[in-house]
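> Can you keep this structure in mind? I'll have questions shortly.
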Amino acid sequence: SMAVLGKTEEIVPVGSPWFLFFTLETLFQEGYSEDALTILREQWNRMLEKGATSFWETFPGFIGGGHWSRSLCHGWSAAPAYFLSTQVLGVQPVEPGYARIRIAPQPWHLRWARGVVPTPRGPVSVAWVKGDDGKLQIEYDAPAGCVVEVVG
């Protein structure tokens with residue numbers, strides 16, 4: 001992680017999952033996918049450890065006063081849903097409205113993943129498994145009329 005380059009006392013703690021979205025987006029775009037996925041896992045697991053069943057407005061402990069967060073159901077904090085769909089499952093629109101779809105999974109340290117991504121044309125289902133040889137076996141179902149490109 002790039003944070004090791006700074007001094008601990010100079011690093012501002014991140015309390016906002018919403019702001020981390022932009023950090024994660026930049027890390028994925030610049031090829032630091034493993035760092036981005038590590039941040040996703042470490043930061044949002046903090047909510048899960050406190051019993052979260054939704055995305056909270058802030059990470060636990062940022063508010064203080066015995067409260068875990070201002071809002072315990074906050075859509076702006078749902079970065080894992082977006083990045084797990086677009087990066088780990090690998091479903092991304094290539095043309096507006098998902099007329100053309102690219103499926104390019106990034107397995108990270110996972111052995112398998114499966115999910116459904118809603119699109120204006122209907123759901124795109126993807127399931128992949130990493131074989132012993134490291135190659136991905138990818139299955140998908142996309143709405144009629146969508147052109148699908150699989151990279152993996």
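To be explicit about the labels: the chains of the structure tokens are called A, B, and onward in the order shown, and within each one the residues are counted from 1, while ligands get numbers from 1 in the order they are shown.
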So which bits of range 36-131 of chain A end up strand (DSSP E or B) when you DSSP the backbone, as a list in words?

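In range 36-131 of chain A, DSSP puts these residues in strand (DSSP E or B): Gly64, His67, Val91, Gln92, Pro93, Arg100, Ile101, Arg102, Ile103, Trp112, Ala113, Arg114, Gly115, Val116, Val117, Val124, Ser125, Val126, Ala127, Trp128, Val129 and Lys130 of chain A.
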
> Would you list, as a VMD selection string, the residues of chain A that end up in helix (DSSP H, G or I) under DSSP run on this structure's backbone?

chain A and resid 2 to 5 8 to 10 17 to 29 33 to 49 75 to 77 79 to 88 96 to 98

> Neighbours of Phe28 in chain A within 12 Å (only C-alpha atoms; same-chain residues fewer than 4 positions away dropped), as a PyMOL selection string?

chain A and resi 21-24+32-40+83-84+86-88+90+106

> Compile the contact shell of range 52-54 of chain A as number ranges by chain: residues with an atom at most 12 Å away, counting only C-alpha atoms, same-chain residues fewer than 5 positions apart removed.

A: 44-47, 59-60, 68-69, 71-81

> Output C-alpha atoms for every residue in the selection just made, as a PDB file, in the first residue's frame.


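Result file is out15.pdb:
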ATOM      1  CA  TRP A  44     -15.772  -2.596   5.152  1.00  0.00           C
ATOM      2  CA  ASN A  45     -15.020  -5.658   7.310  1.00  0.00           C
ATOM      3  CA  ARG A  46     -14.895  -3.203  10.210  1.00  0.00           C
ATOM      4  CA  MET A  47     -18.641  -2.680   9.721  1.00  0.00           C
ATOM      5  CA  PHE A  59     -16.671   3.485   9.510  1.00  0.00           C
ATOM      6  CA  PRO A  60     -17.127   2.270  13.106  1.00  0.00           C
ATOM      7  CA  TRP A  68     -21.004   3.398  15.375  1.00  0.00           C
ATOM      8  CA  SER A  69     -22.268   5.734  12.650  1.00  0.00           C
ATOM      9  CA  SER A  71     -26.662   6.467   9.506  1.00  0.00           C
ATOM     10  CA  LEU A  72     -26.714   2.676   9.533  1.00  0.00           C
ATOM     11  CA  CYS A  73     -28.061   2.418   5.970  1.00  0.00           C
ATOM     12  CA  HIS A  74     -26.312   4.751   3.566  1.00  0.00           C
ATOM     13  CA  GLY A  75     -26.204   4.153  -0.189  1.00  0.00           C
ATOM     14  CA  TRP A  76     -23.186   6.412  -0.690  1.00  0.00           C
ATOM     15  CA  SER A  77     -21.124   3.872   1.230  1.00  0.00           C
ATOM     16  CA  ALA A  78     -21.936   0.977  -1.096  1.00  0.00           C
ATOM     17  CA  ALA A  79     -18.597   0.978  -2.955  1.00  0.00           C
ATOM     18  CA  PRO A  80     -18.111  -2.781  -2.393  1.00  0.00           C
ATOM     19  CA  ALA A  81     -21.287  -3.552  -4.363  1.00  0.00           C
TER      20      ALA A  81
END

> Name all residues at most 12 Å from Leu110 in chain A (count only C-alpha atoms; drop same-chain ones fewer than 2 positions away) and give them as a count of residues only.

18

> Which range 17-113 of chain A residues have any atom within 9 Å of an atom of range 142-145 of chain A, and for each, what is the nearest pair of atoms with distance in Å to one decimal, counting only C-alpha atoms, rows sorted by chain and number, as JSON lines?


{"residue": "A:Ala99", "atom": "CA", "partner": "A:Gly145", "partner_atom": "CA", "distance": 7.2}
{"residue": "A:Arg100", "atom": "CA", "partner": "A:Gly145", "partner_atom": "CA", "distance": 8.9}
{"residue": "A:Ile101", "atom": "CA", "partner": "A:Ala142", "partner_atom": "CA", "distance": 8.8}

> Could those residues be written to a file, using all heavy atoms, as an mmCIF file, in the first residue's frame?


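The result, stored in result-v8.cif:
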data_model
loop_
_atom_site.group_PDB
_atom_site.id
_atom_site.type_symbol
_atom_site.label_atom_id
_atom_site.label_comp_id
_atom_site.auth_asym_id
_atom_site.auth_seq_id
_atom_site.Cartn_x
_atom_site.Cartn_y
_atom_site.Cartn_z
ATOM 1 N N ALA A 99 -25.263 -2.024 -24.255
ATOM 2 C CA ALA A 99 -25.476 -2.673 -25.553
ATOM 3 C C ALA A 99 -24.309 -3.611 -25.840
ATOM 4 O O ALA A 99 -24.467 -4.660 -26.457
ATOM 5 C CB ALA A 99 -25.601 -1.625 -26.658
ATOM 6 N N ARG A 100 -23.132 -3.230 -25.392
ATOM 7 C CA ARG A 100 -21.921 -4.055 -25.501
ATOM 8 C C ARG A 100 -21.349 -4.144 -24.099
ATOM 9 O O ARG A 100 -21.190 -3.139 -23.421
ATOM 10 C CB ARG A 100 -20.934 -3.408 -26.455
ATOM 11 C CG ARG A 100 -19.693 -4.226 -26.733
ATOM 12 C CD ARG A 100 -18.769 -3.419 -27.688
ATOM 13 N NE ARG A 100 -18.005 -4.198 -28.613
ATOM 14 C CZ ARG A 100 -18.442 -5.036 -29.559
ATOM 15 N NH1 ARG A 100 -19.708 -5.233 -29.706
ATOM 16 N NH2 ARG A 100 -17.624 -5.668 -30.356
ATOM 17 N N ILE A 101 -21.052 -5.365 -23.684
ATOM 18 C CA ILE A 101 -20.597 -5.632 -22.313
ATOM 19 C C ILE A 101 -19.250 -6.333 -22.350
ATOM 20 O O ILE A 101 -19.029 -7.241 -23.166
ATOM 21 C CB ILE A 101 -21.607 -6.542 -21.574
ATOM 22 C CG1 ILE A 101 -22.980 -5.870 -21.508
ATOM 23 C CG2 ILE A 101 -21.109 -6.909 -20.181
ATOM 24 C CD1 ILE A 101 -24.094 -6.810 -21.114
#

> Please compute the CA of Trp18 in chain A-CA of Ser85 in chain A distance, one decimal, in Å.

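If I compute the distance from CA of Trp18 in chain A to CA of Ser85 in chain A, I get 17.2 Å.
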
> When you look at Gly97 in chain A with a cut-off of 9 Å (counting only C-alpha atoms), what residues show up, excluding the ones that are within fewer than 6 positions of it in the same chain? I need them as a list in words.

Thr119, Pro120 and Arg121 of chain A

> Kindly indicate which residue among A:Lys50, A:Arg102, A:His109, A:Arg70 lies nearest to Ser16 in chain A, using only C-alpha atoms for the distances.

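Selected residue with least distance to Ser16 in chain A: A:Arg70.
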
> Which distance in Å separates CA of Gln29 in chain A and CA of Gly152 in chain A, to one decimal?

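Spanning CA of Gln29 in chain A to CA of Gly152 in chain A is a straight-line distance of 17.7 Å.
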
> Expressed in Å to a single decimal, how great is the separation between CA of Glu42 in chain A and CA of Gln137 in chain A?

27.6 Å
